[in-house]
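The next block holds one structure in the form of structure tokens; read it before the comments.
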Amino acid sequence: MAEHLLEIRNLHARVEGEVTDILRGVDLAIRHGEMHALMGPNGSGKSTLAKAIAGHPGYEVTSGEVLLDGENVLEMEPDERSRAGLFLAFQYPAEIPGVSISNFLRTAMSARLAEGEEMDIFAFQKRLMEKLEMLKVDPSFAARYVNDGFSGGEKKRNEILQLAMLEPRMAVMDETDSGLDIDALRIVSEGVNTIRETHDSMGVLLITHYKRILNYLRPDYVHVMLKGQIAHSGGPELADRLEEMGYDWLHEPEAETAAV
């Protein structure tokens, strides 16, 4: 087992077809069981980082490495990254009318099996009911079509259910708090905390604009991204300072000398 669960080395990436890199040398290391929060203003490259890690076809990695337990996922197709244990929770989850959450999850879990193997329907149903109970979600939720007509909170709850079912090694959560009211934010955060308690080796990279979700999810480290790089890192108290002072102070000379 590698020292770091996820290690990003000097990563550069851009929108496919563009000439200017958005990510300009990102370095970040996350150990097993750690939660890291990534904050920063709009346009700093946070969501680009999430998509580059996951292998989104709209983004091109121009140099660098992304290692999952020492294996470079940039050499894998997106589905291979998922099977290797990488999970991306989307900022704006897609709707899939006509496909139930239950069938979607069974298909996703079957895709992780060796060729020729099939997911046992009874074992799957038992697991699904256990995870729904763990997350305090009504069983009828699994019969609904994926995100079809869902509120923002229901879409994010569906993402958390997927996370619980798949139990990835590394979860990248791209602005999971986006569009959530206070009650939905609390429910989703409780779900993440419950999953981490039962799957304590899982790493989490939590991308967010605001501190409010960090009132429920206490990260081990907080990083700030500016202009495509990790400009500053610290403990959970860094989020409190950002909430109080914004990002302008990070451009000051004394902040630059502390940059990572």
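By convention here, the chains of the structure tokens are called A, B, ... in the order presented, each chain's residues are numbered starting at 1, and ligands are numbered starting at 1 in the order presented.
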_Neighbouring residues of region 162-179 of chain A were defined as those with any atom within 8 Å, considering only C-alpha atoms; residues of the same chain fewer than 6 positions away were excluded. Please report them as a PyMOL selection string._
chain A and resi 5-6+47+50+85-91+105+109+127-128+131+152-153+156+185+195+199+201-209+213
*Hey, what does DSSP flag as alpha helix (DSSP H) within region 73-244 of chain A? Can you give it to me as an MDAnalysis selection string?*
chainID A and resid 78:84 101:110 121:134 152:166 182:198 237:244
*Near Met39 (chain A), counting only C-alpha atoms, which residues have an atom at most 12 Å away, once you skip same-chain residues fewer than 3 positions from it, shown as an NGL selection string?*
:A and (36 or 42-47 or 49 or 174-175 or 205-214 or 219 or 221-226 or 228-234 or 236 or 238-243 or 246-247)
*Using DSSP on the backbone coordinates, identify the residues of region 122-235 of chain A assigned to strand (DSSP E); present them as a PyMOL selection string.*
chain A and resi 145-146+170-174+203-207+221-226+229-234
What does the file look like for those residues with C-alpha atoms, as a CSV table (one decimal), in the first residue's frame?
chain,number,residue,atom,x,y,z
A,145,TYR,CA,-36.1,7.5,-11.7
A,146,VAL,CA,-32.6,8.9,-11.3
A,170,MET,CA,-11.4,7.8,-2.8
A,171,ALA,CA,-14.4,10.1,-3.1
A,172,VAL,CA,-14.1,13.5,-4.9
A,173,MET,CA,-17.1,15.6,-4.0
A,174,ASP,CA,-17.6,18.6,-6.3
A,203,GLY,CA,-10.3,9.3,1.5
A,204,VAL,CA,-12.4,12.4,0.7
A,205,LEU,CA,-11.6,15.5,-1.3
A,206,LEU,CA,-14.4,18.0,-0.6
A,207,ILE,CA,-14.6,20.9,-3.0
A,221,TYR,CA,-6.9,19.8,6.1
A,222,VAL,CA,-8.1,22.8,4.2
A,223,HIS,CA,-6.5,24.0,1.0
A,224,VAL,CA,-7.1,27.2,-1.1
A,225,MET,CA,-6.8,27.1,-4.8
A,226,LEU,CA,-5.9,30.4,-6.7
A,229,GLN,CA,-2.6,26.1,-8.0
A,230,ILE,CA,-2.8,25.2,-4.3
A,231,ALA,CA,-1.9,28.6,-2.9
A,232,HIS,CA,-2.3,27.9,0.8
A,233,SER,CA,-2.9,25.0,3.2
A,234,GLY,CA,-3.7,24.6,6.8
Hey, which bits of region 49-70 of chain A sit within 9 Å of region 21-33 of chain A, and for each residue what's the closest pair of atoms and how far apart in Å (one decimal), counting only C-alpha atoms, rows by chain and increasing number, as CSV?
residue,atom,partner,partner_atom,distance
A:Leu49,CA,A:Leu23,CA,7.1
A:Val61,CA,A:Leu23,CA,8.8
A:Thr62,CA,A:Asp21,CA,8.0
A:Ser63,CA,A:Gly25,CA,8.5
A:Gly64,CA,A:Gly25,CA,7.7
Expected file: the selected residues, N, CA and C atoms, as a tab-separated table (two decimals), in the first residue's frame:
chain	number	residue	atom	x	y	z
A	49	LEU	N	-10.19	20.52	-11.52
A	49	LEU	CA	-9.40	19.47	-10.86
A	49	LEU	C	-10.23	18.21	-10.68
A	61	VAL	N	-5.54	16.73	-19.77
A	61	VAL	CA	-4.39	16.84	-18.88
A	61	VAL	C	-3.15	16.98	-19.75
A	62	THR	N	-2.41	18.06	-19.56
A	62	THR	CA	-1.24	18.33	-20.40
A	62	THR	C	0.06	17.83	-19.77
A	63	SER	N	0.08	17.70	-18.45
A	63	SER	CA	1.26	17.11	-17.79
A	63	SER	C	0.90	16.81	-16.33
A	64	GLY	N	1.74	15.99	-15.72
A	64	GLY	CA	1.54	15.64	-14.31
A	64	GLY	C	1.02	14.24	-14.12
_Spatial neighbours of region 65-69 of chain A, max dist 6 Å, only C-alpha atoms, sep filter under 2 positions, as a list in words_ = Ala2, Leu5, Leu6, Glu7, Ile8, Arg9, Glu71, Asn72 and Val73 of chain A
*CA of Glu77 (chain A) and CA of Glu154 (chain A) are how many Å apart?*
29.0 Å
_Residues within 10 Å of Asp79 (chain A), please, as a list in words. Count only C-alpha atoms; anything in the same chain fewer than 5 positions from it doesn't count._
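Result of the neighbour search: Ala54, Gly55, Ala84, Leu86, Ala108, Ala111 and Arg112 of chain A.
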*Which residues, written as a PyMOL selection string, have at least one atom at most 7 Å from Val15 (chain A), with only C-alpha atoms counted and residues fewer than 4 positions away on the same chain left out?*
chain A and resi 58-60
*For Leu180 (chain A), which residue among A:Asp200, A:Asp220, A:Arg106, A:Arg157 is the nearest when counting only C-alpha atoms?*
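Looking at the shortest contact to Leu180 (chain A), the residue is A:Arg157.
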